[in-house]
$ cat structure_35.cif   # mmCIF, N, CA and C atoms
data_entry
loop_
_atom_site.group_PDB
_atom_site.id
_atom_site.type_symbol
_atom_site.label_atom_id
_atom_site.label_comp_id
_atom_site.auth_asym_id
_atom_site.auth_seq_id
_atom_site.Cartn_x
_atom_site.Cartn_y
_atom_site.Cartn_z
ATOM 1 N N MET A 189 0.849 -1.168 0.000
ATOM 2 C CA MET A 189 0.000 0.000 0.000
ATOM 3 C C MET A 189 0.895 1.232 0.000
ATOM 4 N N PHE A 190 0.659 2.130 -0.945
ATOM 5 C CA PHE A 190 1.352 3.407 -0.991
ATOM 6 C C PHE A 190 0.345 4.493 -0.651
ATOM 7 N N GLU A 191 0.758 5.398 0.220
ATOM 8 C CA GLU A 191 -0.093 6.512 0.596
ATOM 9 C C GLU A 191 0.711 7.804 0.504
ATOM 10 N N VAL A 192 0.080 8.837 -0.055
ATOM 11 C CA VAL A 192 0.738 10.128 -0.229
ATOM 12 C C VAL A 192 -0.167 11.207 0.349
ATOM 13 N N ALA A 193 0.441 12.178 1.014
ATOM 14 C CA ALA A 193 -0.300 13.351 1.485
ATOM 15 C C ALA A 193 0.018 14.520 0.557
ATOM 16 N N HIS A 194 -0.991 15.284 0.215
ATOM 17 C CA HIS A 194 -0.826 16.449 -0.656
ATOM 18 C C HIS A 194 -1.485 17.643 0.018
ATOM 19 N N THR A 195 -0.926 18.820 -0.159
ATOM 20 C CA THR A 195 -1.495 20.011 0.469
ATOM 21 C C THR A 195 -2.894 20.325 -0.044
ATOM 22 N N ARG A 196 -3.174 19.915 -1.275
ATOM 23 C CA ARG A 196 -4.528 20.065 -1.831
ATOM 24 C C ARG A 196 -5.125 18.669 -1.966
ATOM 25 N N GLN A 197 -5.990 18.310 -1.051
ATOM 26 C CA GLN A 197 -6.513 16.946 -0.970
ATOM 27 C C GLN A 197 -7.155 16.455 -2.265
ATOM 28 N N ASN A 198 -7.812 17.320 -3.006
ATOM 29 C CA ASN A 198 -8.526 16.889 -4.216
ATOM 30 C C ASN A 198 -7.663 16.874 -5.470
ATOM 31 N N SER A 199 -6.364 17.061 -5.332
ATOM 32 C CA SER A 199 -5.470 17.002 -6.492
ATOM 33 C C SER A 199 -5.446 15.592 -7.071
ATOM 34 N N VAL A 200 -5.208 15.509 -8.366
ATOM 35 C CA VAL A 200 -5.031 14.205 -9.016
ATOM 36 C C VAL A 200 -3.542 13.878 -8.968
ATOM 37 N N LEU A 201 -3.225 12.683 -8.463
ATOM 38 C CA LEU A 201 -1.842 12.221 -8.390
ATOM 39 C C LEU A 201 -1.680 11.002 -9.288
ATOM 40 N N TYR A 202 -0.659 11.034 -10.126
ATOM 41 C CA TYR A 202 -0.359 9.934 -11.039
ATOM 42 C C TYR A 202 0.824 9.164 -10.473
ATOM 43 N N ARG A 203 0.728 7.846 -10.416
ATOM 44 C CA ARG A 203 1.762 7.007 -9.800
ATOM 45 C C ARG A 203 2.444 6.136 -10.844
ATOM 46 N N HIS A 204 3.760 6.011 -10.686
ATOM 47 C CA HIS A 204 4.572 5.161 -11.554
ATOM 48 C C HIS A 204 5.502 4.322 -10.692
ATOM 49 N N ILE A 205 5.715 3.091 -11.088
ATOM 50 C CA ILE A 205 6.771 2.263 -10.500
ATOM 51 C C ILE A 205 7.689 1.867 -11.640
ATOM 52 N N ASP A 206 8.957 2.166 -11.464
ATOM 53 C CA ASP A 206 9.966 1.854 -12.484
ATOM 54 C C ASP A 206 9.555 2.387 -13.853
ATOM 55 N N GLU A 207 9.033 3.620 -13.852
ATOM 56 C CA GLU A 207 8.646 4.350 -15.065
ATOM 57 C C GLU A 207 7.420 3.779 -15.784
ATOM 58 N N LYS A 208 6.682 2.876 -15.125
ATOM 59 C CA LYS A 208 5.440 2.337 -15.693
ATOM 60 C C LYS A 208 4.280 2.853 -14.855
ATOM 61 N N ILE A 209 3.278 3.433 -15.508
ATOM 62 C CA ILE A 209 2.151 3.984 -14.761
ATOM 63 C C ILE A 209 1.364 2.867 -14.083
ATOM 64 N N ILE A 210 1.027 3.089 -12.821
ATOM 65 C CA ILE A 210 0.256 2.081 -12.079
ATOM 66 C C ILE A 210 -1.116 2.596 -11.692
ATOM 67 N N GLY A 211 -1.371 3.885 -11.946
ATOM 68 C CA GLY A 211 -2.688 4.422 -11.665
ATOM 69 C C GLY A 211 -2.643 5.856 -11.191
ATOM 70 N N SER A 212 -3.821 6.371 -10.877
ATOM 71 C CA SER A 212 -3.933 7.726 -10.356
ATOM 72 C C SER A 212 -4.954 7.732 -9.233
ATOM 73 N N THR A 213 -4.870 8.751 -8.391
ATOM 74 C CA THR A 213 -5.806 8.896 -7.287
ATOM 75 C C THR A 213 -6.242 10.348 -7.190
ATOM 76 N N SER A 214 -7.418 10.546 -6.624
ATOM 77 C CA SER A 214 -7.890 11.877 -6.252
ATOM 78 C C SER A 214 -8.682 11.703 -4.969
ATOM 79 N N ASP A 215 -8.628 12.674 -4.110
ATOM 80 C CA ASP A 215 -9.275 12.643 -2.800
ATOM 81 C C ASP A 215 -8.487 11.761 -1.832
ATOM 82 N N ILE A 216 -8.694 10.450 -1.828
ATOM 83 C CA ILE A 216 -7.939 9.541 -0.951
ATOM 84 C C ILE A 216 -6.739 9.036 -1.743
ATOM 85 N N HIS A 217 -5.544 9.412 -1.305
ATOM 86 C CA HIS A 217 -4.334 9.120 -2.078
ATOM 87 C C HIS A 217 -3.661 7.834 -1.599
ATOM 88 N N GLN A 218 -4.374 6.728 -1.752
ATOM 89 C CA GLN A 218 -3.848 5.405 -1.422
ATOM 90 C C GLN A 218 -3.993 4.517 -2.644
ATOM 91 N N ILE A 219 -2.999 3.670 -2.856
ATOM 92 C CA ILE A 219 -3.064 2.725 -3.968
ATOM 93 C C ILE A 219 -2.348 1.443 -3.541
ATOM 94 N N SER A 220 -2.943 0.312 -3.860
ATOM 95 C CA SER A 220 -2.371 -0.979 -3.494
ATOM 96 C C SER A 220 -1.639 -1.575 -4.692
ATOM 97 N N VAL A 221 -0.399 -1.976 -4.470
ATOM 98 C CA VAL A 221 0.404 -2.597 -5.525
ATOM 99 C C VAL A 221 1.176 -3.773 -4.938
ATOM 100 N N GLN A 222 1.608 -4.681 -5.801
ATOM 101 C CA GLN A 222 2.405 -5.832 -5.391
ATOM 102 C C GLN A 222 3.593 -5.974 -6.333
ATOM 103 N N PRO A 223 4.604 -5.115 -6.172
ATOM 104 C CA PRO A 223 5.773 -5.214 -7.046
ATOM 105 C C PRO A 223 6.580 -6.476 -6.755
ATOM 106 N N GLU A 224 7.322 -6.922 -7.741
ATOM 107 C CA GLU A 224 8.167 -8.104 -7.576
ATOM 108 C C GLU A 224 9.307 -7.799 -6.621
ATOM 109 N N LYS A 225 9.951 -8.860 -6.129
ATOM 110 C CA LYS A 225 11.105 -8.690 -5.251
ATOM 111 C C LYS A 225 12.194 -7.915 -5.982
ATOM 112 N N GLY A 226 12.916 -7.113 -5.211
ATOM 113 C CA GLY A 226 14.015 -6.345 -5.787
ATOM 114 C C GLY A 226 13.882 -4.866 -5.522
ATOM 115 N N LYS A 227 14.784 -4.107 -6.109
ATOM 116 C CA LYS A 227 14.815 -2.660 -5.939
ATOM 117 C C LYS A 227 13.924 -1.994 -6.977
ATOM 118 N N HIS A 228 13.216 -0.963 -6.529
ATOM 119 C CA HIS A 228 12.278 -0.253 -7.392
ATOM 120 C C HIS A 228 12.332 1.237 -7.100
ATOM 121 N N GLN A 229 11.653 1.990 -7.964
ATOM 122 C CA GLN A 229 11.534 3.430 -7.777
ATOM 123 C C GLN A 229 10.076 3.809 -8.012
ATOM 124 N N VAL A 230 9.489 4.507 -7.050
ATOM 125 C CA VAL A 230 8.117 4.989 -7.193
ATOM 126 C C VAL A 230 8.174 6.493 -7.436
ATOM 127 N N THR A 231 7.368 6.946 -8.396
ATOM 128 C CA THR A 231 7.284 8.356 -8.726
ATOM 129 C C THR A 231 5.828 8.782 -8.660
ATOM 130 N N VAL A 232 5.596 9.934 -8.040
ATOM 131 C CA VAL A 232 4.254 10.509 -7.951
ATOM 132 C C VAL A 232 4.318 11.899 -8.567
ATOM 133 N N VAL A 233 3.391 12.188 -9.479
ATOM 134 C CA VAL A 233 3.332 13.485 -10.145
ATOM 135 C C VAL A 233 1.922 14.037 -9.977
ATOM 136 N N ASP A 234 1.828 15.306 -9.544
ATOM 137 C CA ASP A 234 0.490 15.892 -9.435
ATOM 138 C C ASP A 234 0.111 16.586 -10.744
ATOM 139 N N GLU A 235 -1.100 17.101 -10.776
ATOM 140 C CA GLU A 235 -1.634 17.684 -12.014
ATOM 141 C C GLU A 235 -0.915 18.959 -12.447
ATOM 142 N N THR A 236 -0.094 19.542 -11.563
ATOM 143 C CA THR A 236 0.665 20.739 -11.932
ATOM 144 C C THR A 236 2.102 20.404 -12.315
ATOM 145 N N GLY A 237 2.470 19.117 -12.248
ATOM 146 C CA GLY A 237 3.801 18.690 -12.642
ATOM 147 C C GLY A 237 4.794 18.544 -11.504
ATOM 148 N N VAL A 238 4.363 18.794 -10.258
ATOM 149 C CA VAL A 238 5.248 18.594 -9.109
ATOM 150 C C VAL A 238 5.513 17.098 -8.975
ATOM 151 N N LEU A 239 6.781 16.735 -8.839
ATOM 152 C CA LEU A 239 7.197 15.335 -8.905
ATOM 153 C C LEU A 239 7.921 14.929 -7.624
ATOM 154 N N LEU A 240 7.655 13.713 -7.143
ATOM 155 C CA LEU A 240 8.335 13.131 -5.987
ATOM 156 C C LEU A 240 8.762 11.723 -6.376
ATOM 157 N N THR A 241 10.033 11.397 -6.153
ATOM 158 C CA THR A 241 10.547 10.067 -6.471
ATOM 159 C C THR A 241 11.248 9.492 -5.258
ATOM 160 N N GLU A 242 10.947 8.228 -4.950
ATOM 161 C CA GLU A 242 11.581 7.525 -3.829
ATOM 162 C C GLU A 242 11.960 6.112 -4.272
ATOM 163 N N SER A 243 13.063 5.633 -3.754
ATOM 164 C CA SER A 243 13.495 4.248 -4.012
ATOM 165 C C SER A 243 13.030 3.366 -2.862
ATOM 166 N N PHE A 244 12.749 2.103 -3.174
ATOM 167 C CA PHE A 244 12.374 1.137 -2.140
ATOM 168 C C PHE A 244 12.791 -0.247 -2.601
ATOM 169 N N GLU A 245 12.800 -1.188 -1.668
ATOM 170 C CA GLU A 245 13.170 -2.568 -1.990
ATOM 171 C C GLU A 245 12.170 -3.527 -1.389
ATOM 172 N N VAL A 246 11.738 -4.488 -2.185
ATOM 173 C CA VAL A 246 10.851 -5.552 -1.737
ATOM 174 C C VAL A 246 11.724 -6.771 -1.461
ATOM 175 N N LEU A 247 11.656 -7.247 -0.244
ATOM 176 C CA LEU A 247 12.485 -8.404 0.148
ATOM 177 C C LEU A 247 11.780 -9.707 -0.069
#

$ encode --input "structure_35.cif" --output "structure tokens"
Amino acid sequence: MFEVAHTRQNSVLYRHIDEKIIGSTSDIHQISVQPEKGKHQVTVVDETGVLLTESFEVL
């Protein structure tokens, strides 16, 4: 489960894992994913182009 907080709750957030889109959210910014084992990068972009990228590892 990935959860993001945004200063504007109703913003649309687009989510990517390893540069592949996995979905978007508006209002409640939670999305459930099951990436394969290994190192990954999650990117979240809002409707104005503000971008956040974090690395994570699934053991």

$ resolve_selection --input "structure_35.cif" --expression "the PyMOL selection byres ((chain A and resi 202) around 6)" --output "PyMOL selection string"
chain A and resi 200-201+203-204+211-213+231-234

$ atom_distance --input "structure_35.cif" --atom1 "CA of Glu191 (chain A)" --atom2 "CA of Gln218 (chain A)"
4.4 Å

$ atom_distance --input "structure_35.cif" --atom1 "CA of Asp215 (chain A)" --atom2 "atom C of Glu242 (chain A)"
22.3 Å

$ select_by_dssp --input "structure_35.cif" --residues "chain A" --states "strand (DSSP E or B)" --output "PyMOL selection string"
chain A and resi 190-191+200-205+208-214+218-219+226-234+239-246

$ closest_residue --input "structure_35.cif" --among "A:Ser199, A:Met189, A:Lys208, A:Ser214" --to "Val238 (chain A)" --atoms "only C-alpha atoms"
A:Ser199
